[in-house]
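Inspection log for the structure reproduced underneath, given as structure tokens.
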Protein chains: 2
Amino acid sequence: MAKAVEKQATSGRGSTVQRIEAALTAEISAGALAPGERIDEVKLTERFGVSRTPVREALSRLVAQGILIPGEKRGVRVAEYSREQLAQIFEAMHEIEAACARVAAQRLTLLARVEIEAAQANCMAAAKAGDRPAYLAANEAFHLAIYKATGNPYMAEIASEFRNRTGAARAKKFSKPEDLLASAKSHEKLIALIFSEDSNAASDGMREHMARSFRETLAVN
Amino acid sequence: MAKAVEKQATSGRGSTVQRIEAALTAEISAGALAPGERIDEVKLTERFGVSRTPVREALSRLVAQGILIPGEKRGVRVAEYSREQLAQIFEAMHEIEAACARVAAQRLTLLARVEIEAAQANCMAAAKAGDRPAYLAANEAFHLAIYKATGNPYMAEIASEFRNRTGAARAKKFSKPEDLLASAKSHEKLIALIFSEDSNAASDGMREHMARSFRETLAVN
DNA sequence: GAACAGCATTCTGTATACAAACTAGATTGT
DNA sequence: ACAATCTAGTTTGTATACAGAATGCTGTTC
């Protein structure tokens, strides 16, 4: 029976799978599991204190989201991308991120402005402190705040899925404290564009932001 | 052990889950399972001649793709959308479909042209025959050919996922034979735009095509 | 020393079991 | 006659078992 390792108060059945899925998504996105690395089911059962069944269900969901890929013969491994594949993923990501920026600019509420500004303040604080883990989390929250500002959860969902898939590759470009500061500063222009009345400028600005992110990511992958 | 009901030649282990996933995706997308309908796991084991484990894994993957949603207490049900949610999904779909059309127009190869034309010929044939199931399949293949023409499998993937999620709602607008013919004819202008050298016109044309599809879908949902 | 073959161990896809939760129907009380 | 409660059956989340396939290690031969 479950050994309560990492076991939290849950709201009903089924949340075991969700908990494992969320934990693995965050780790893979943060680069804690290497691209191409094979996932050991038994190790995960020990770690989460559950049987293989909920672990396998969580892995299955990550396969459906492209975060894990089926092994050639059996099992699953962390998705890894060639340079060409990374370029293609970023191209798709560009499109949806630009659309998010445009729609967010069109629909910006006061609450959304405040949330984006708060998220950016967290980014700045983490960057100035040179706190890489905190910056990765704050950067994520910043982009999620922009997605949320679109008022469209489905656009937010696919943008988040792309962000999850590319998290490991993108995390590599934050290797020095000045990388964090440069990234946080690059948010300023983007925020200005989103807060402006020109939604097309916001969209273009996001494309430029993503193009720069792509160049930096490609340089370290 | 598996009773070979719907059992096909498979290439190794794991394909049981994929087979069930593909079959359920196609049925839900074609509207064979009603939105909101609860999925009975035991019935699926009988139908596919397997145990609950691969059925549950397939269901788990469909949950990750938003085609099924977790029930309030337990189990899963077919995703169903309010008018507002349908509008939001179509908005996200518009963005990615328009991007696909633009990129397809930019990168059109001779092979892609021929495949799109062949797919459209199938649409016309099915429409003229008043064959609704054949038209649904041909329409699907037509749009997949456009996605493929982008040369970007990740853009194709998310476009396909949106198409899967909205399949049931969109299928309802093909209730009369003249609906099929009108839809097939609306493809002609779209093809002309994609085949033109103006990728922005292709993008705009796809937005118009999707806007019309949305209006028709909303009228019957 | 290297390569190949065989054997053992490990891992995973799927089957089955178990327990808990949910639902439906029947019975009882007002 | 209607509403509430109880019971039984069904469904599902998770645990465990089993069998087959894959991988790794060891020994032998060239």
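Here's how to read the names in the structure tokens: chain A, B, ... by the order shown, residue numbers from 1 in each chain, ligand numbers from 1 in the order shown.
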| said: Would you mind listing, as a list of chain:residue names, all residues of chain D that have at least one atom within 12 Å of chain A, where only C-alpha atoms (C1' of nucleotides) are what counts? | reply: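 That gives the following set of residues: D:DT12, D:DG13, D:DT14, D:DA15, D:DT16, D:DA21, D:DA22, D:DT23.
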Could you write out the selected residues, including N, CA, C and O atoms (P, O5', C5', C4', C3', O3' and C1' of nucleotides), as a PDB file, in the first residue's frame?
```pdb
ATOM      1  P    DT D  12     -16.350   3.090 -14.951  1.00  0.00           P
ATOM      2  O5'  DT D  12     -15.151   3.612 -14.043  1.00  0.00           O
ATOM      3  C5'  DT D  12     -15.428   4.366 -12.881  1.00  0.00           C
ATOM      4  C4'  DT D  12     -14.321   4.225 -11.859  1.00  0.00           C
ATOM      5  C3'  DT D  12     -12.901   4.173 -12.455  1.00  0.00           C
ATOM      6  O3'  DT D  12     -12.047   4.875 -11.571  1.00  0.00           O
ATOM      7  C1'  DT D  12     -13.219   2.350 -11.058  1.00  0.00           C
ATOM      8  P    DG D  13     -11.116   6.041 -12.170  1.00  0.00           P
ATOM      9  O5'  DG D  13      -9.958   6.136 -11.078  1.00  0.00           O
ATOM     10  C5'  DG D  13     -10.274   6.474  -9.735  1.00  0.00           C
ATOM     11  C4'  DG D  13      -9.302   5.819  -8.772  1.00  0.00           C
ATOM     12  C3'  DG D  13      -7.838   5.824  -9.235  1.00  0.00           C
ATOM     13  O3'  DG D  13      -7.033   6.091  -8.087  1.00  0.00           O
ATOM     14  C1'  DG D  13      -8.535   3.595  -8.828  1.00  0.00           C
ATOM     15  P    DT D  14      -5.492   6.371  -8.282  1.00  0.00           P
ATOM     16  O5'  DT D  14      -4.876   4.986  -7.793  1.00  0.00           O
ATOM     17  C5'  DT D  14      -5.166   4.531  -6.488  1.00  0.00           C
ATOM     18  C4'  DT D  14      -4.751   3.088  -6.312  1.00  0.00           C
ATOM     19  C3'  DT D  14      -3.293   2.773  -6.687  1.00  0.00           C
ATOM     20  O3'  DT D  14      -2.695   2.193  -5.550  1.00  0.00           O
ATOM     21  C1'  DT D  14      -4.765   1.136  -7.542  1.00  0.00           C
ATOM     22  P    DA D  15      -1.158   1.842  -5.441  1.00  0.00           P
ATOM     23  O5'  DA D  15      -1.255   0.265  -5.215  1.00  0.00           O
ATOM     24  C5'  DA D  15      -2.106  -0.258  -4.197  1.00  0.00           C
ATOM     25  C4'  DA D  15      -2.078  -1.774  -4.238  1.00  0.00           C
ATOM     26  C3'  DA D  15      -0.691  -2.371  -4.445  1.00  0.00           C
ATOM     27  O3'  DA D  15      -0.505  -3.470  -3.561  1.00  0.00           O
ATOM     28  C1'  DA D  15      -2.155  -3.130  -6.162  1.00  0.00           C
ATOM     29  P    DT D  16       0.913  -4.101  -3.389  1.00  0.00           P
ATOM     30  O5'  DT D  16       0.798  -5.407  -4.305  1.00  0.00           O
ATOM     31  C5'  DT D  16      -0.309  -6.268  -4.126  1.00  0.00           C
ATOM     32  C4'  DT D  16      -0.365  -7.294  -5.231  1.00  0.00           C
ATOM     33  C3'  DT D  16       0.971  -7.975  -5.555  1.00  0.00           C
ATOM     34  O3'  DT D  16       0.738  -9.371  -5.604  1.00  0.00           O
ATOM     35  C1'  DT D  16      -0.051  -7.228  -7.523  1.00  0.00           C
ATOM     36  P    DA D  21       7.993 -12.404 -27.002  1.00  0.00           P
ATOM     37  O5'  DA D  21       8.837 -11.062 -27.114  1.00  0.00           O
ATOM     38  C5'  DA D  21       8.306  -9.849 -26.578  1.00  0.00           C
ATOM     39  C4'  DA D  21       9.396  -8.993 -25.976  1.00  0.00           C
ATOM     40  C3'  DA D  21      10.732  -9.053 -26.710  1.00  0.00           C
ATOM     41  O3'  DA D  21      11.278  -7.749 -26.727  1.00  0.00           O
ATOM     42  C1'  DA D  21      11.085  -9.518 -24.454  1.00  0.00           C
ATOM     43  P    DA D  22      12.309  -7.351 -27.901  1.00  0.00           P
ATOM     44  O5'  DA D  22      13.320  -6.400 -27.109  1.00  0.00           O
ATOM     45  C5'  DA D  22      12.831  -5.631 -26.012  1.00  0.00           C
ATOM     46  C4'  DA D  22      13.901  -5.465 -24.950  1.00  0.00           C
ATOM     47  C3'  DA D  22      15.327  -5.370 -25.494  1.00  0.00           C
ATOM     48  O3'  DA D  22      16.026  -4.400 -24.728  1.00  0.00           O
ATOM     49  C1'  DA D  22      15.226  -7.051 -23.875  1.00  0.00           C
ATOM     50  P    DT D  23      17.278  -3.653 -25.409  1.00  0.00           P
ATOM     51  O5'  DT D  23      18.258  -3.524 -24.163  1.00  0.00           O
ATOM     52  C5'  DT D  23      17.705  -3.524 -22.842  1.00  0.00           C
ATOM     53  C4'  DT D  23      18.661  -4.197 -21.877  1.00  0.00           C
ATOM     54  C3'  DT D  23      20.139  -4.097 -22.250  1.00  0.00           C
ATOM     55  O3'  DT D  23      20.870  -3.883 -21.060  1.00  0.00           O
ATOM     56  C1'  DT D  23      19.595  -6.321 -21.861  1.00  0.00           C
TER      57       DT D  23
END
```
- [ ] Using DSSP on the backbone coordinates, identify all residues within range 45-210 of chain B classified as alpha helix (DSSP H); present the result as a VMD selection string.
- [x] chain B and resid 45 to 48 52 to 64 83 to 107 110 to 128 132 to 149 153 to 171 177 to 195 199 to 210
Residues of chain C were defined as contacting chain B if any atom lay at most 10 Å from it, counting only C-alpha atoms (C1' of nucleotides); please report them as a PyMOL selection string. chain C and resi 12-16+21-22
Per-residue nearest contacts of chain A to chain B (6 Å; only C-alpha atoms) as JSON lines:
```
{"residue": "A:Glu57", "atom": "CA", "partner": "B:Glu57", "partner_atom": "CA", "distance": 5.8}
{"residue": "A:Ser60", "atom": "CA", "partner": "B:Arg61", "partner_atom": "CA", "distance": 5.8}
{"residue": "A:Arg61", "atom": "CA", "partner": "B:Arg61", "partner_atom": "CA", "distance": 4.8}
{"residue": "A:Ala64", "atom": "CA", "partner": "B:Arg61", "partner_atom": "CA", "distance": 5.1}
{"residue": "A:Gln88", "atom": "CA", "partner": "B:Asn152", "partner_atom": "CA", "distance": 5.8}
{"residue": "A:Ile89", "atom": "CA", "partner": "B:Tyr154", "partner_atom": "CA", "distance": 5.9}
{"residue": "A:Ala92", "atom": "CA", "partner": "B:Met155", "partner_atom": "CA", "distance": 5.3}
{"residue": "A:Asn152", "atom": "CA", "partner": "B:Gln88", "partner_atom": "CA", "distance": 5.8}
{"residue": "A:Tyr154", "atom": "CA", "partner": "B:Ile89", "partner_atom": "CA", "distance": 5.9}
{"residue": "A:Met155", "atom": "CA", "partner": "B:Ala92", "partner_atom": "CA", "distance": 5.3}
```
Find the residues around range 5-7 of chain C up to 10 Å (only C-alpha atoms (C1' of nucleotides) counted), leave out those fewer than 6 positions away in its own chain, and share them as a ChimeraX atom specification. /D:25-28
re CA of Arg212 in chain B and CA of Phe174 in chain B: distance 13.3 Å
May I ask which of the residues A:Leu68, A:Ala171, A:Ala141, A:Lys176 is the closest one to Ala129 in chain A, counting only C-alpha atoms?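 The answer is A:Lys176, which sits nearest to Ala129 in chain A.
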| Residues of range 17-196 of chain A in strand (DSSP E or B) according to DSSP, as a PyMOL selection string? | chain A and resi 38+68-70+76-78
Those residues with all heavy atoms, as an mmCIF file, in the first residue's frame please?
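In the end it all went to selection_33.cif:
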```cif
data_model
loop_
_atom_site.group_PDB
_atom_site.id
_atom_site.type_symbol
_atom_site.label_atom_id
_atom_site.label_comp_id
_atom_site.auth_asym_id
_atom_site.auth_seq_id
_atom_site.Cartn_x
_atom_site.Cartn_y
_atom_site.Cartn_z
ATOM 1 N N ARG A 38 16.025 7.256 -20.270
ATOM 2 C CA ARG A 38 14.961 6.280 -20.134
ATOM 3 C C ARG A 38 14.317 6.416 -18.762
ATOM 4 O O ARG A 38 14.983 6.625 -17.766
ATOM 5 C CB ARG A 38 15.543 4.877 -20.308
ATOM 6 C CG ARG A 38 14.496 3.786 -20.441
ATOM 7 C CD ARG A 38 15.172 2.431 -20.579
ATOM 8 N NE ARG A 38 16.012 2.125 -19.447
ATOM 9 C CZ ARG A 38 15.573 1.641 -18.302
ATOM 10 N NH1 ARG A 38 14.290 1.399 -18.123
ATOM 11 N NH2 ARG A 38 16.401 1.388 -17.309
ATOM 12 N N LEU A 68 7.172 12.957 -23.130
ATOM 13 C CA LEU A 68 7.891 11.698 -23.199
ATOM 14 C C LEU A 68 7.583 11.063 -24.541
ATOM 15 O O LEU A 68 6.527 11.325 -25.136
ATOM 16 C CB LEU A 68 7.463 10.746 -22.079
ATOM 17 C CG LEU A 68 7.720 11.191 -20.635
ATOM 18 C CD1 LEU A 68 7.149 10.173 -19.674
ATOM 19 C CD2 LEU A 68 9.197 11.390 -20.404
ATOM 20 N N ILE A 69 8.513 10.254 -25.029
ATOM 21 C CA ILE A 69 8.247 9.538 -26.268
ATOM 22 C C ILE A 69 8.386 8.040 -26.020
ATOM 23 O O ILE A 69 9.193 7.626 -25.190
ATOM 24 C CB ILE A 69 9.216 9.971 -27.394
ATOM 25 C CG1 ILE A 69 10.668 9.810 -26.935
ATOM 26 C CG2 ILE A 69 8.943 11.390 -27.820
ATOM 27 C CD1 ILE A 69 11.664 10.069 -28.023
ATOM 28 N N PRO A 70 7.602 7.224 -26.740
ATOM 29 C CA PRO A 70 7.722 5.782 -26.572
ATOM 30 C C PRO A 70 9.110 5.344 -26.988
ATOM 31 O O PRO A 70 9.661 5.840 -27.963
ATOM 32 C CB PRO A 70 6.655 5.212 -27.519
ATOM 33 C CG PRO A 70 5.766 6.359 -27.846
ATOM 34 C CD PRO A 70 6.590 7.585 -27.733
ATOM 35 N N VAL A 76 9.476 4.190 -22.019
ATOM 36 C CA VAL A 76 9.434 5.566 -22.527
ATOM 37 C C VAL A 76 10.707 6.294 -22.128
ATOM 38 O O VAL A 76 11.390 5.927 -21.178
ATOM 39 C CB VAL A 76 8.204 6.337 -21.989
ATOM 40 C CG1 VAL A 76 6.912 5.706 -22.446
ATOM 41 C CG2 VAL A 76 8.254 6.438 -20.484
ATOM 42 N N ARG A 77 10.992 7.328 -22.897
ATOM 43 C CA ARG A 77 12.152 8.150 -22.570
ATOM 44 C C ARG A 77 11.813 9.634 -22.726
ATOM 45 O O ARG A 77 10.817 9.989 -23.342
ATOM 46 C CB ARG A 77 13.356 7.770 -23.424
ATOM 47 C CG ARG A 77 13.133 7.865 -24.911
ATOM 48 C CD ARG A 77 14.373 7.384 -25.681
ATOM 49 N NE ARG A 77 14.617 5.959 -25.495
ATOM 50 C CZ ARG A 77 15.653 5.457 -24.818
ATOM 51 N NH1 ARG A 77 16.553 6.246 -24.287
ATOM 52 N NH2 ARG A 77 15.790 4.160 -24.687
ATOM 53 N N VAL A 78 12.664 10.459 -22.129
ATOM 54 C CA VAL A 78 12.435 11.904 -22.207
ATOM 55 C C VAL A 78 12.647 12.341 -23.653
ATOM 56 O O VAL A 78 13.612 11.920 -24.292
ATOM 57 C CB VAL A 78 13.408 12.670 -21.285
ATOM 58 C CG1 VAL A 78 13.166 14.169 -21.372
ATOM 59 C CG2 VAL A 78 13.229 12.200 -19.850
#
```
Need to verify the contact set: Lys128 in chain B, 12 Å, only C-alpha atoms (C1' of nucleotides), exclusion of same-chain residues closer than 5 positions in sequence. Can you return it as a PyMOL selection string?
chain B and resi 121-123+134-135+176-185
Please save N, CA and C atoms of the selected residues as an mmCIF file, in the first residue's frame.
```cif
data_model
loop_
_atom_site.group_PDB
_atom_site.id
_atom_site.type_symbol
_atom_site.label_atom_id
_atom_site.label_comp_id
_atom_site.auth_asym_id
_atom_site.auth_seq_id
_atom_site.Cartn_x
_atom_site.Cartn_y
_atom_site.Cartn_z
ATOM 1 N N ALA B 121 -10.225 16.125 -54.480
ATOM 2 C CA ALA B 121 -10.997 15.319 -55.422
ATOM 3 C C ALA B 121 -11.825 14.280 -54.668
ATOM 4 N N ASN B 122 -11.242 13.704 -53.635
ATOM 5 C CA ASN B 122 -11.984 12.755 -52.803
ATOM 6 C C ASN B 122 -13.147 13.438 -52.091
ATOM 7 N N CYS B 123 -12.915 14.660 -51.618
ATOM 8 C CA CYS B 123 -14.001 15.398 -50.975
ATOM 9 C C CYS B 123 -15.151 15.615 -51.948
ATOM 10 N N ALA B 134 -18.002 9.043 -45.697
ATOM 11 C CA ALA B 134 -16.842 9.194 -46.576
ATOM 12 C C ALA B 134 -16.410 10.655 -46.636
ATOM 13 N N TYR B 135 -17.400 11.580 -46.612
ATOM 14 C CA TYR B 135 -17.033 12.996 -46.683
ATOM 15 C C TYR B 135 -16.292 13.433 -45.422
ATOM 16 N N LYS B 176 -27.082 17.540 -44.168
ATOM 17 C CA LYS B 176 -27.761 17.365 -45.458
ATOM 18 C C LYS B 176 -26.740 17.213 -46.570
ATOM 19 N N PRO B 177 -27.077 16.488 -47.614
ATOM 20 C CA PRO B 177 -26.119 16.307 -48.718
ATOM 21 C C PRO B 177 -25.593 17.634 -49.265
ATOM 22 N N GLU B 178 -26.462 18.671 -49.281
ATOM 23 C CA GLU B 178 -25.980 19.949 -49.823
ATOM 24 C C GLU B 178 -24.959 20.622 -48.900
ATOM 25 N N ASP B 179 -24.990 20.221 -47.607
ATOM 26 C CA ASP B 179 -23.959 20.713 -46.698
ATOM 27 C C ASP B 179 -22.574 20.217 -47.118
ATOM 28 N N LEU B 180 -22.548 18.943 -47.525
ATOM 29 C CA LEU B 180 -21.265 18.360 -47.942
ATOM 30 C C LEU B 180 -20.737 19.091 -49.169
ATOM 31 N N LEU B 181 -21.640 19.324 -50.132
ATOM 32 C CA LEU B 181 -21.214 19.980 -51.379
ATOM 33 C C LEU B 181 -20.749 21.402 -51.124
ATOM 34 N N ALA B 182 -21.453 22.113 -50.248
ATOM 35 C CA ALA B 182 -21.059 23.486 -49.935
ATOM 36 C C ALA B 182 -19.683 23.504 -49.280
ATOM 37 N N SER B 183 -19.452 22.556 -48.392
ATOM 38 C CA SER B 183 -18.160 22.497 -47.724
ATOM 39 C C SER B 183 -17.050 22.190 -48.709
ATOM 40 N N ALA B 184 -17.291 21.188 -49.570
ATOM 41 C CA ALA B 184 -16.275 20.808 -50.555
ATOM 42 C C ALA B 184 -15.963 21.990 -51.481
ATOM 43 N N LYS B 185 -17.016 22.721 -51.875
ATOM 44 C CA LYS B 185 -16.799 23.870 -52.769
ATOM 45 C C LYS B 185 -16.025 24.971 -52.071
#
```
_Contacts of DT10 in chain D at 12 Å (only C-alpha atoms (C1' of nucleotides); same-chain gap of 3+ positions) as a ChimeraX atom specification_ = /B:40-42 /C:21-24
Given the selection you just returned, output its residues as a file containing all heavy atoms, formatted as a compact mmCIF listing (two decimals), in the first residue's frame.
```txt
# COMPACT_ATOMS: atom_id res chain seq x y z
N ASP B 40 -17.51 3.72 -20.42
CA ASP B 40 -17.60 2.50 -19.62
C ASP B 40 -16.39 1.63 -19.94
O ASP B 40 -16.26 1.08 -21.03
CB ASP B 40 -18.89 1.76 -19.95
CG ASP B 40 -19.16 0.61 -18.99
OD1 ASP B 40 -18.20 -0.12 -18.65
OD2 ASP B 40 -20.31 0.45 -18.57
N GLU B 41 -15.49 1.50 -18.96
CA GLU B 41 -14.25 0.79 -19.21
C GLU B 41 -14.48 -0.68 -19.54
O GLU B 41 -13.83 -1.23 -20.43
CB GLU B 41 -13.34 0.87 -17.97
CG GLU B 41 -12.82 2.26 -17.71
CD GLU B 41 -11.94 2.31 -16.48
OE1 GLU B 41 -11.58 1.24 -15.97
OE2 GLU B 41 -11.61 3.42 -16.02
N VAL B 42 -15.40 -1.30 -18.81
CA VAL B 42 -15.62 -2.74 -18.99
C VAL B 42 -16.16 -3.02 -20.39
O VAL B 42 -15.76 -3.98 -21.05
CB VAL B 42 -16.58 -3.28 -17.92
CG1 VAL B 42 -16.92 -4.73 -18.18
CG2 VAL B 42 -15.94 -3.13 -16.55
P DA C 21 -13.84 5.49 -0.05
OP1 DA C 21 -12.81 6.40 0.46
OP2 DA C 21 -14.86 4.90 0.87
O5' DA C 21 -14.61 6.20 -1.23
C5' DA C 21 -14.03 6.24 -2.53
C4' DA C 21 -15.10 6.17 -3.61
O4' DA C 21 -15.45 4.77 -3.85
C3' DA C 21 -16.41 6.87 -3.27
O3' DA C 21 -16.86 7.51 -4.44
C2' DA C 21 -17.33 5.72 -2.90
C1' DA C 21 -16.86 4.68 -3.90
N9 DA C 21 -17.26 3.32 -3.56
C8 DA C 21 -17.18 2.70 -2.35
N7 DA C 21 -17.60 1.46 -2.36
C5 DA C 21 -17.98 1.24 -3.67
C6 DA C 21 -18.52 0.12 -4.34
N6 DA C 21 -18.77 -1.04 -3.73
N1 DA C 21 -18.78 0.24 -5.66
C2 DA C 21 -18.52 1.40 -6.26
N3 DA C 21 -18.01 2.53 -5.74
C4 DA C 21 -17.76 2.38 -4.43
P DC C 22 -17.79 8.79 -4.31
OP1 DC C 22 -16.95 9.97 -4.61
OP2 DC C 22 -18.58 8.71 -3.06
O5' DC C 22 -18.78 8.55 -5.54
C5' DC C 22 -18.31 7.86 -6.68
C4' DC C 22 -19.41 7.06 -7.35
O4' DC C 22 -19.52 5.74 -6.73
C3' DC C 22 -20.80 7.68 -7.22
O3' DC C 22 -21.46 7.54 -8.46
C2' DC C 22 -21.48 6.83 -6.16
C1' DC C 22 -20.88 5.46 -6.49
N1 DC C 22 -20.99 4.47 -5.39
C2 DC C 22 -21.42 3.17 -5.69
O2 DC C 22 -21.70 2.88 -6.86
N3 DC C 22 -21.52 2.26 -4.69
C4 DC C 22 -21.19 2.61 -3.44
N4 DC C 22 -21.30 1.68 -2.50
C5 DC C 22 -20.74 3.92 -3.12
C6 DC C 22 -20.66 4.82 -4.11
P DT C 23 -22.64 8.60 -8.86
OP1 DT C 23 -22.06 9.53 -9.83
OP2 DT C 23 -23.29 9.12 -7.63
O5' DT C 23 -23.69 7.64 -9.62
C5' DT C 23 -23.20 6.46 -10.24
C4' DT C 23 -24.26 5.38 -10.19
O4' DT C 23 -24.11 4.57 -8.99
C3' DT C 23 -25.70 5.90 -10.16
O3' DT C 23 -26.48 5.04 -10.97
C2' DT C 23 -26.09 5.75 -8.70
C1' DT C 23 -25.38 4.44 -8.38
N1 DT C 23 -25.17 4.19 -6.93
C2 DT C 23 -25.35 2.91 -6.45
O2 DT C 23 -25.68 1.98 -7.16
N3 DT C 23 -25.13 2.78 -5.11
C4 DT C 23 -24.76 3.76 -4.21
O4 DT C 23 -24.60 3.51 -3.02
C5 DT C 23 -24.59 5.08 -4.78
C7 DT C 23 -24.20 6.22 -3.91
C6 DT C 23 -24.80 5.23 -6.09
P DA C 24 -27.77 5.66 -11.78
OP1 DA C 24 -27.32 5.98 -13.15
OP2 DA C 24 -28.42 6.72 -10.96
O5' DA C 24 -28.74 4.41 -11.84
C5' DA C 24 -28.18 3.09 -11.81
C4' DA C 24 -29.04 2.17 -10.97
O4' DA C 24 -28.60 2.17 -9.59
C3' DA C 24 -30.53 2.54 -10.95
O3' DA C 24 -31.28 1.33 -10.97
C2' DA C 24 -30.68 3.22 -9.59
C1' DA C 24 -29.73 2.37 -8.76
N9 DA C 24 -29.30 3.00 -7.52
C8 DA C 24 -29.00 4.32 -7.30
N7 DA C 24 -28.63 4.58 -6.07
C5 DA C 24 -28.69 3.36 -5.43
C6 DA C 24 -28.43 2.96 -4.10
N6 DA C 24 -28.03 3.81 -3.14
N1 DA C 24 -28.60 1.65 -3.79
C2 DA C 24 -29.00 0.81 -4.75
N3 DA C 24 -29.27 1.06 -6.04
C4 DA C 24 -29.10 2.37 -6.30
```
